[in-house]
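Encoded as structure tokens, the structure appears first; notes follow it.
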There are 2 protein chains.
Amino acid sequence: MRRLKCLVAYDGTDYSGFQVQPDQVTVQGEIEAAIKRITGETVQIVGSGRTDAGVHARGQVFHFDTASKVPLEKWAFILNNQLPEAIVIRSVEQVEPTFHARFDVKQKEYRYCIDNGPVPDVFFHRYADHIRHPLDLERMRRAARYLVGEHDFTSFCSAKTFVEDKVRTIYRLEVERDGQMIWVICRGNGFLYNMVRIIVGTLVEVGQNKRDPDEIPEILAACDREKAGKTAPAKGLTMWEVAY
Amino acid sequence: MRRLKCLVAYDGTDYSGFQVQPDQVTVQGEIEAAIKRITGETVQIVGSGRTDAGVHARGQVFHFDTASKVPLEKWAFILNNQLPEAIVIRSVEQVEPTFHARFDVKQKEYRYCIDNGPVPDVFFHRYADHIRHPLDLERMRRAARYLVGEHDFTSFCSAKTFVEDKVRTIYRLEVERDGQMIWVICRGNGFLYNMVRIIVGTLVEVGQNKRDPDEIPEILAACDREKAGKTAPAKGLTMWEVAY
């Protein structure tokens, strides 16, 4: 047996998220079925974390164990031949049997794409949330700065969560413009359920002058999901990178 | 009544082409249904030309006549609210009642996107054709130069066509790299059925060293579809611009 670490990108639009769920088409389910067709083995891949329905990935990571003799350098190509085009294995490497795709995560980066053009760019219709009126990026950046660092992110976490410890550290939270697209880049040591989407939803309200950037410290201190902004739509979110 | 000229972009992946066909979901059908919901009028829009199933547009143009009193500056927004996200009206302007979206075309530009990375970029899986082995761009460019100018393009036209005059002028045929994407930019006074896709398919074979760039004059002279390369897949093709 050897343990393989795989880097996978996917267009999450047509999947019910990463994680296997009964009677749903999921990214994990597609990958496990592809492995079964290649090796005959029934494996359970372990992802770095879930992504919700409609969320994409550029650099999701998973591991699995296999007894297959497929040469390491052929794995990505053979898997991609068995996968739908919306799921692409970017690389496969052999790792120590103690490597764990979820437990060993050091940092994660998500990027959220807002199409802020007066008319949406149709080639981003699956990958960006369109907001027609121009956002005030300077206000968004001022609000973002309050979120960097170690905080209790209870206010920025879906109330439907069972995680007890809601303290996380954000290393980087930037708002950048690229043509008519606005990218919110968020890097941290881990993220709570819906955390990036609630952060983006709140920054958007700041950028729309519906909230003051200087409200953020109060929102954090309240530890109350009701105080933060709406959850931004899934389709703008991409799991960008996982660092070990 | 007034005549409106509309610029429309679409992701053609899930449509059976632009033109209305019985029992098929088409871009034209979606737009006509949207107009009907807005004005109550049953209109037939006139496009600059068809696009095949799976082909996209950034700058398709159509016109239609309406008695509706919807203000000109509201049309794009109202239409977009009635259209699926894969179809975006970019602009609407009033034109002379003699303007004709098909007959008045002076130039058309198509762009074809080839994903030439060792591993495909998943965010282009609907908009680019993936070719894994590196293409030789210099060879492709040398071949392309022979196609610029006025020629009988019978060899580069689907045999399933009824058009008699197959002489067309290509003003520009360029092969450009942008990261792992290769763009073939093709501008001319008009295009025959599948012409851009056959040109791209032939250039790809040249780039793969399966053909010599200097074969092109013979292929043109033969006036025989069998002499040219394969028809490149629809999904990499985008109708980029129509000039009047």
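Every chain in the structure tokens takes a letter, A first, then B, and so on in the order presented; its residues are numbered from 1, and the ligands are numbered from 1 following the presented order.
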Residues within 12 Å of region 207-222 of chain B, only C-alpha atoms, excluding chain neighbours under 2 positions, as a PyMOL selection string: chain B and resi 114+116+131-157+166-168+175+182+198-205+224-230
Distance-based interface of chain B with chain A, 8 Å, counting only C-alpha atoms, as number ranges by chain: B: 9-11, 58, 85-90, 119-123, 125
DSSP strand (DSSP E or B) selection over region 14-231 of chain A, as JSON, numbers by chain: {"A": [46, 47, 56, 57, 58, 59, 60, 61, 62, 63, 64, 65, 66, 87, 88, 89, 90, 91, 92, 93, 94, 95, 107, 108, 109, 110, 111, 112, 113, 114, 115, 129, 130, 149, 150, 151, 152, 167, 168, 169, 170, 171, 172, 173, 174, 175, 176, 177, 178, 181, 182, 183, 184, 185, 186, 187, 188]}
7 Å contact set for Tyr112 (chain A), only C-alpha atoms, chain neighbours under 5 positions out, as number ranges by chain: A: 183-185, 236-238
DSSP-assigned alpha helix (DSSP H) members of region 106-147 of chain A, reported as a PyMOL selection string: chain A and resi 137-147
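With only C-alpha atoms taken into account, the protein and nucleic acid residues at most 12 Å from Glu30 (chain A) (excluding it and anything under 5 positions from it in its own chain) are Tyr10, Asp14, Tyr15, Ser16, Gly17, Phe18, Gln19, Val20, Gln21, Gln24, Val25, Ile35, Lys36, Arg37, Val43, Gln44, Ile45, Leu79, Asn80, Gln82, Leu83, Pro84, Glu85, Ala86, Ile87, Val88 and Ile89 of chain A.
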How would the residues just picked look written out with C-alpha atoms as a short mmCIF file (atom, residue, chain, number, x, y, z; two decimals), in the first residue's frame?
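Output (again03.cif):
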```
data_model
loop_
_atom_site.label_atom_id
_atom_site.label_comp_id
_atom_site.auth_asym_id
_atom_site.auth_seq_id
_atom_site.Cartn_x
_atom_site.Cartn_y
_atom_site.Cartn_z
CA TYR A 10 -13.08 21.51 -10.00
CA ASP A 14 -23.03 20.99 -11.03
CA TYR A 15 -22.00 19.15 -7.86
CA SER A 16 -23.65 18.88 -4.47
CA GLY A 17 -20.35 19.86 -2.87
CA PHE A 18 -17.16 17.92 -2.34
CA GLN A 19 -18.19 15.37 0.25
CA VAL A 20 -20.10 12.17 -0.54
CA GLN A 21 -23.80 12.36 0.30
CA GLN A 24 -26.14 13.26 -4.67
CA VAL A 25 -23.49 13.76 -7.31
CA ILE A 35 -10.36 5.15 -8.73
CA LYS A 36 -12.59 2.10 -8.54
CA ARG A 37 -12.70 1.85 -12.34
CA VAL A 43 -11.43 3.66 -1.40
CA GLN A 44 -12.55 6.58 0.68
CA ILE A 45 -10.54 9.65 -0.23
CA LEU A 79 -7.57 9.65 -13.41
CA ASN A 80 -8.38 12.60 -15.66
CA GLN A 82 -11.90 8.68 -16.07
CA LEU A 83 -13.22 11.95 -14.68
CA PRO A 84 -15.72 14.45 -16.08
CA GLU A 85 -14.12 17.60 -17.52
CA ALA A 86 -15.32 19.64 -14.56
CA ILE A 87 -12.88 17.76 -12.28
CA VAL A 88 -9.16 17.87 -13.04
CA ILE A 89 -6.41 16.14 -11.09
#
```
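For Asp115 (chain B), the non-local neighbours within 7 Å, defined as residues at least 6 positions apart in the same chain or in other chains and counting only C-alpha atoms, are Ala128, Asp129, His130, Ile131, Gln180, Met181 and Ile182 of chain B.
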Kindly export the residues of the current selection with C-alpha atoms, as a short mmCIF file (atom, residue, chain, number, x, y, z; two decimals), in the first residue's frame.
```
data_model
loop_
_atom_site.label_atom_id
_atom_site.label_comp_id
_atom_site.auth_asym_id
_atom_site.auth_seq_id
_atom_site.Cartn_x
_atom_site.Cartn_y
_atom_site.Cartn_z
CA ALA B 128 -11.31 25.85 -24.59
CA ASP B 129 -10.31 22.63 -26.31
CA HIS B 130 -7.57 20.89 -24.36
CA ILE B 131 -4.56 19.65 -26.33
CA GLN B 180 -1.28 28.00 -21.10
CA MET B 181 -3.96 29.19 -23.53
CA ILE B 182 -3.36 29.57 -27.25
#
```
Exercise: Val105 (chain B) partners within 8 Å, only C-alpha atoms, chain neighbours under 2 positions left out, as a short mmCIF file (atom, residue, chain, number, x, y, z; two decimals) with N, CA and C atoms, in the first residue's frame:
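Generated output (around30.cif):
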```
data_model
loop_
_atom_site.label_atom_id
_atom_site.label_comp_id
_atom_site.auth_asym_id
_atom_site.auth_seq_id
_atom_site.Cartn_x
_atom_site.Cartn_y
_atom_site.Cartn_z
N SER B 48 -26.62 38.13 -36.67
CA SER B 48 -25.62 38.41 -37.70
C SER B 48 -25.27 37.12 -38.45
N ALA B 101 -29.01 43.11 -39.36
CA ALA B 101 -27.91 42.50 -38.61
C ALA B 101 -27.14 41.49 -39.45
N ARG B 102 -27.79 40.86 -40.44
CA ARG B 102 -27.06 39.88 -41.24
C ARG B 102 -26.51 40.50 -42.53
N PHE B 103 -27.36 41.22 -43.26
CA PHE B 103 -26.94 41.72 -44.57
C PHE B 103 -25.89 42.83 -44.49
N GLN B 107 -17.38 42.95 -41.33
CA GLN B 107 -16.33 42.03 -40.89
C GLN B 107 -16.81 41.24 -39.68
N LYS B 108 -16.26 40.05 -39.56
CA LYS B 108 -16.53 39.24 -38.38
C LYS B 108 -15.22 38.74 -37.80
N ASN B 189 -14.21 38.84 -43.93
CA ASN B 189 -15.44 39.51 -44.39
C ASN B 189 -16.65 38.58 -44.32
N VAL B 242 -18.60 41.57 -34.37
CA VAL B 242 -19.19 41.77 -35.69
C VAL B 242 -19.09 43.27 -35.98
N ALA B 243 -18.51 43.61 -37.14
CA ALA B 243 -18.37 45.02 -37.48
C ALA B 243 -19.30 45.37 -38.62
N TYR B 244 -19.93 46.56 -38.55
CA TYR B 244 -20.88 47.02 -39.57
C TYR B 244 -20.36 48.27 -40.27
#
```
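Remark: for Gly188 (chain A), the closest of the candidate residues A:Phe99, A:Tyr110, A:Phe162, A:Tyr171 is A:Tyr171 (distances computed over only C-alpha atoms).
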